[in-house]
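One structure is given here, and the rest of the page talks about it.
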Amino acid sequence: MPDTHSERGAELRKIIHVDMDAFFAAVEQRDHPELRGHPVVVGGDPASRGVVATCSYEARRFGIHSAMTAARARSLCPQAIFLRPRMEAYREASRQVMGILRCYTPLVEPLSLDEAFLDVTAATTDGVLAVRIAREIRARIERETGLTASAGVSYNKLLAKLASDWRKPNGLFVVPPEHGLAFLAPLPVGKLHGVGPATVKKLSSMGIHTVLDLRNVSREALIAQFGKAGLWFYEAARGIDRRPVQTSRQRKSVGTECTFPENLEDPKVMLATLQQMAGQVSARLQALGLAGRTVSIKARFPNFETVTRAHTDAQAIWRTEAISAFLPGLLAKAIPAGLPVRASVRLLGVTVCGLSSVEVVPPDAGQMNLLEEAVDLR
């Protein structure tokens, strides 16, 4: 059972995490039936150092994954079909999915175009089970959009998100309160929200590899090692997550980053990777109805040194091309001049901050176009 004392005796919530399966690739296979059953890769051109945005499950069997160079993906699967992203088609599918979710509760928190949390606590007060709602949602999504989704059901966001990944694709998994600790115990610590590769490495040096290992470390020791994050690690290991489902919140930034299985050495591949990330950030900004003023990139080197470089512009930024325009200069500044020409990076990220909602973006910054392209999150 979760630590009810730490939860202050609050009534357990009923949370569902819905995650679309291989979303971009699935939309392509839906819209082009001849692609079904074939390895499909959505992203850049493998002949021009593009990067994989996502791929179908048929392609994943060959070891292809997001953020991999498209050239590498082609070498793994020469017969793969490479497609450029069609963001408007993906946004339209997202609008349909989010509309379905809001039929069951107003407490919907989109995380991106293809996933969201729902708090269905109120919807279950008359005896309807949260798992039944999850089943209905998945059935409606497939019936009305022709796409499949996986769902996780549990008593908080941490466990619901972990559960949604448990039986992918097109699966449903429930973690009830009495099974929360047992479910978490054998998982690698890297599965926990907020535990990135650098933290995994540090925990590993402390002999902590699984969530059960983490649970056996005192609160004081974790806080001493990780500061405020240590308290989160302590509670997460015990199945405690107090974060509410937030239908709206003031965001300071929208970004994405990726740690690569193999360090990137070629600056052209680094730039192509950042440009692919720019498309993902742009899609998220438009889904949230936001625009920013500052573009920043993050680069982490093999020795875990991390640098960030940023550019602030007078114009509102949300389009892929606007974000991408700053990336060559920022990448050049992020790689210190004293490093070898073929300096490698283990992580790259792109972020847009200085955000404003579409209602306060000046008309001359293109507010009308943004409104036309934004996913309806009302």
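In the structure tokens, the first chain shown is A, the next is B, and so on; residue numbers restart at 1 for each chain, and ligands run from 1 in the order shown.
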task = Name the residues of segment 41-290 of chain A that fall into strand (DSSP E) according to DSSP on the backbone, using the chain letters and numbers of this document, as a PyMOL selection string.
result = chain A and resi 41-43+52-55+81-83+108-112+115-119+149-154+172-174+253-264+290
Would you mind exporting the chosen residues as a PDB file, in the first residue's frame, restricted to C-alpha atoms?
```
ATOM      1  CA  VAL A  41       9.958   5.622 -40.319  1.00  0.00           C
ATOM      2  CA  VAL A  42       8.741   9.212 -39.912  1.00  0.00           C
ATOM      3  CA  GLY A  43      11.462  11.816 -39.830  1.00  0.00           C
ATOM      4  CA  VAL A  52      13.977   9.552 -36.808  1.00  0.00           C
ATOM      5  CA  ALA A  53      10.972  11.234 -35.171  1.00  0.00           C
ATOM      6  CA  THR A  54       9.093   7.990 -34.614  1.00  0.00           C
ATOM      7  CA  CYS A  55       8.591   4.665 -36.326  1.00  0.00           C
ATOM      8  CA  ILE A  81       9.761   3.291 -45.834  1.00  0.00           C
ATOM      9  CA  PHE A  82      10.867   6.814 -44.875  1.00  0.00           C
ATOM     10  CA  LEU A  83       8.257   9.576 -44.717  1.00  0.00           C
ATOM     11  CA  VAL A 108      -7.495  16.203 -18.800  1.00  0.00           C
ATOM     12  CA  GLU A 109      -3.808  17.153 -18.887  1.00  0.00           C
ATOM     13  CA  PRO A 110      -2.277  16.786 -22.366  1.00  0.00           C
ATOM     14  CA  LEU A 111       1.446  16.056 -22.214  1.00  0.00           C
ATOM     15  CA  SER A 112       1.948  16.170 -25.979  1.00  0.00           C
ATOM     16  CA  GLU A 115      -0.614  11.397 -24.586  1.00  0.00           C
ATOM     17  CA  ALA A 116      -2.565  12.758 -21.651  1.00  0.00           C
ATOM     18  CA  PHE A 117      -3.511  12.170 -18.025  1.00  0.00           C
ATOM     19  CA  LEU A 118      -7.135  12.005 -16.900  1.00  0.00           C
ATOM     20  CA  ASP A 119      -8.432  12.260 -13.351  1.00  0.00           C
ATOM     21  CA  ALA A 149      -3.980   3.668 -27.767  1.00  0.00           C
ATOM     22  CA  SER A 150      -2.536   2.053 -24.677  1.00  0.00           C
ATOM     23  CA  ALA A 151      -3.730   3.022 -21.218  1.00  0.00           C
ATOM     24  CA  GLY A 152      -2.561   2.703 -17.642  1.00  0.00           C
ATOM     25  CA  VAL A 153      -4.832   3.002 -14.614  1.00  0.00           C
ATOM     26  CA  SER A 154      -3.656   3.628 -11.087  1.00  0.00           C
ATOM     27  CA  LEU A 172      -4.375  -1.825 -20.882  1.00  0.00           C
ATOM     28  CA  PHE A 173      -2.796  -2.377 -17.481  1.00  0.00           C
ATOM     29  CA  VAL A 174      -4.046  -1.581 -13.989  1.00  0.00           C
ATOM     30  CA  SER A 253       9.168  26.569 -21.215  1.00  0.00           C
ATOM     31  CA  VAL A 254       8.472  23.834 -23.742  1.00  0.00           C
ATOM     32  CA  GLY A 255      11.319  21.603 -24.806  1.00  0.00           C
ATOM     33  CA  THR A 256      12.624  18.154 -25.542  1.00  0.00           C
ATOM     34  CA  GLU A 257      15.952  16.402 -25.118  1.00  0.00           C
ATOM     35  CA  CYS A 258      17.449  13.021 -25.836  1.00  0.00           C
ATOM     36  CA  THR A 259      20.354  10.999 -24.466  1.00  0.00           C
ATOM     37  CA  PHE A 260      21.793   8.924 -27.296  1.00  0.00           C
ATOM     38  CA  PRO A 261      22.719   5.235 -27.067  1.00  0.00           C
ATOM     39  CA  GLU A 262      25.929   6.181 -28.912  1.00  0.00           C
ATOM     40  CA  ASN A 263      27.567   9.597 -28.688  1.00  0.00           C
ATOM     41  CA  LEU A 264      27.109  11.841 -31.718  1.00  0.00           C
ATOM     42  CA  LEU A 290       1.815  29.081 -26.884  1.00  0.00           C
TER      43      LEU A 290
END
```
query = Which residues, written as an MDAnalysis selection string, have at least one atom at most 10 Å from Thr105 of chain A, with only C-alpha atoms counted and residues fewer than 4 positions away on the same chain left out?
reply = chainID A and resid 100:101 118:123
key: 8 Å contact set for segment 21-27 of chain A, only C-alpha atoms, chain neighbours under 3 positions out, as a PyMOL selection string   = chain A and resi 30-31+40-42+54-57+85+89-90+93+114+147-150+168-170
Emit the selected residues as a short mmCIF file (atom, residue, chain, number, x, y, z; two decimals), in the first residue's frame, including N, CA and C atoms.
```cif
data_model
loop_
_atom_site.label_atom_id
_atom_site.label_comp_id
_atom_site.auth_asym_id
_atom_site.auth_seq_id
_atom_site.Cartn_x
_atom_site.Cartn_y
_atom_site.Cartn_z
N ARG A 30 -2.63 4.53 -41.18
CA ARG A 30 -4.10 4.65 -41.30
C ARG A 30 -4.48 5.33 -42.61
N ASP A 31 -3.80 6.43 -42.92
CA ASP A 31 -4.15 7.22 -44.10
C ASP A 31 -3.66 6.59 -45.40
N VAL A 40 7.76 1.51 -41.12
CA VAL A 40 7.59 2.91 -41.52
C VAL A 40 8.38 3.78 -40.56
N VAL A 41 9.17 4.69 -41.12
CA VAL A 41 9.96 5.62 -40.32
C VAL A 41 9.55 7.04 -40.69
N VAL A 42 9.11 7.81 -39.70
CA VAL A 42 8.74 9.21 -39.91
C VAL A 42 9.88 10.08 -39.40
N THR A 54 9.70 9.19 -35.19
CA THR A 54 9.09 7.99 -34.61
C THR A 54 9.03 6.94 -35.71
N CYS A 55 8.66 5.73 -35.33
CA CYS A 55 8.59 4.66 -36.33
C CYS A 55 7.53 3.66 -35.91
N SER A 56 7.09 2.87 -36.88
CA SER A 56 6.08 1.85 -36.61
C SER A 56 6.69 0.71 -35.81
N TYR A 57 5.82 -0.11 -35.24
CA TYR A 57 6.32 -1.24 -34.47
C TYR A 57 7.03 -2.25 -35.35
N PRO A 85 7.38 14.15 -41.91
CA PRO A 85 6.23 14.37 -41.02
C PRO A 85 5.16 15.24 -41.68
N ALA A 89 -1.77 16.70 -40.12
CA ALA A 89 -2.53 15.45 -39.99
C ALA A 89 -2.44 14.92 -38.56
N TYR A 90 -1.27 15.05 -37.94
CA TYR A 90 -1.09 14.57 -36.58
C TYR A 90 -1.86 15.46 -35.59
N ALA A 93 -5.56 14.52 -35.77
CA ALA A 93 -5.81 13.29 -35.03
C ALA A 93 -5.77 13.55 -33.53
N ASP A 114 0.15 13.23 -28.36
CA ASP A 114 -0.28 11.83 -28.35
C ASP A 114 -0.43 11.21 -26.97
N LEU A 147 -7.14 4.61 -34.92
CA LEU A 147 -5.84 4.48 -34.28
C LEU A 147 -5.98 3.73 -32.98
N THR A 148 -4.89 3.17 -32.50
CA THR A 148 -4.95 2.46 -31.22
C THR A 148 -4.19 3.23 -30.15
N ALA A 149 -4.62 3.02 -28.91
CA ALA A 149 -3.98 3.67 -27.77
C ALA A 149 -3.78 2.65 -26.67
N SER A 150 -2.74 2.84 -25.88
CA SER A 150 -2.54 2.05 -24.68
C SER A 150 -2.89 2.91 -23.48
N LYS A 168 2.12 -2.24 -24.13
CA LYS A 168 2.10 -1.64 -25.46
C LYS A 168 2.52 -2.67 -26.52
N PRO A 169 1.97 -2.52 -27.74
CA PRO A 169 0.95 -1.56 -28.15
C PRO A 169 -0.46 -2.08 -27.91
N ASN A 170 -1.43 -1.16 -27.94
CA ASN A 170 -2.85 -1.49 -27.86
C ASN A 170 -3.18 -2.31 -26.63
#
```
request  = Go through A:Ala291, A:Thr69, A:Asp165, A:His32 and flag the residue nearest Asp266 of chain A, using only C-alpha atoms for the distances.
outcome  = A:Thr69
inquiry  = Quick check, in Å to one decimal: how far apart do atom CA of Arg167 of chain A and atom CA of Leu187 of chain A lie?
reply    = 14.9 Å
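Neighbouring residues of segment 213-220 of chain A at 6 Å or closer, counting only C-alpha atoms and skipping chain neighbours under 4 positions away, are Ile208, Tyr234 and Ala237 of chain A.
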request  = Would you mind writing down, as a ChimeraX atom specification, each residue of segment 176-262 of chain A that DSSP on the backbone assigns to alpha helix (DSSP H)?
outcome  = /A:180-184,197-205,211-215,219-226,228-236
inquiry  = Please determine, counting only C-alpha atoms, which residue among A:Gln280, A:Thr273, A:Gln96, A:Ser357 has the shortest atom-to-atom distance to Asp45 of chain A.
reply    =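 Ranked by minimum distance to Asp45 of chain A, first place goes to A:Thr273.
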ask   = Given the choices A:Ile323, A:Met270, A:Val245, A:Val350, which gets closest to Ser296 of chain A if the distance is worked out from only C-alpha atoms?
value =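 The shortest atom-to-atom distance to Ser296 of chain A comes from A:Val350.
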inquiry  = When you count only C-alpha atoms, which of these residues is closest to Lys161 of chain A: A:Ala224, A:Val175, A:Leu348, A:Ala287?
reply    =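 Closest residue, counting only C-alpha atoms: A:Val175.
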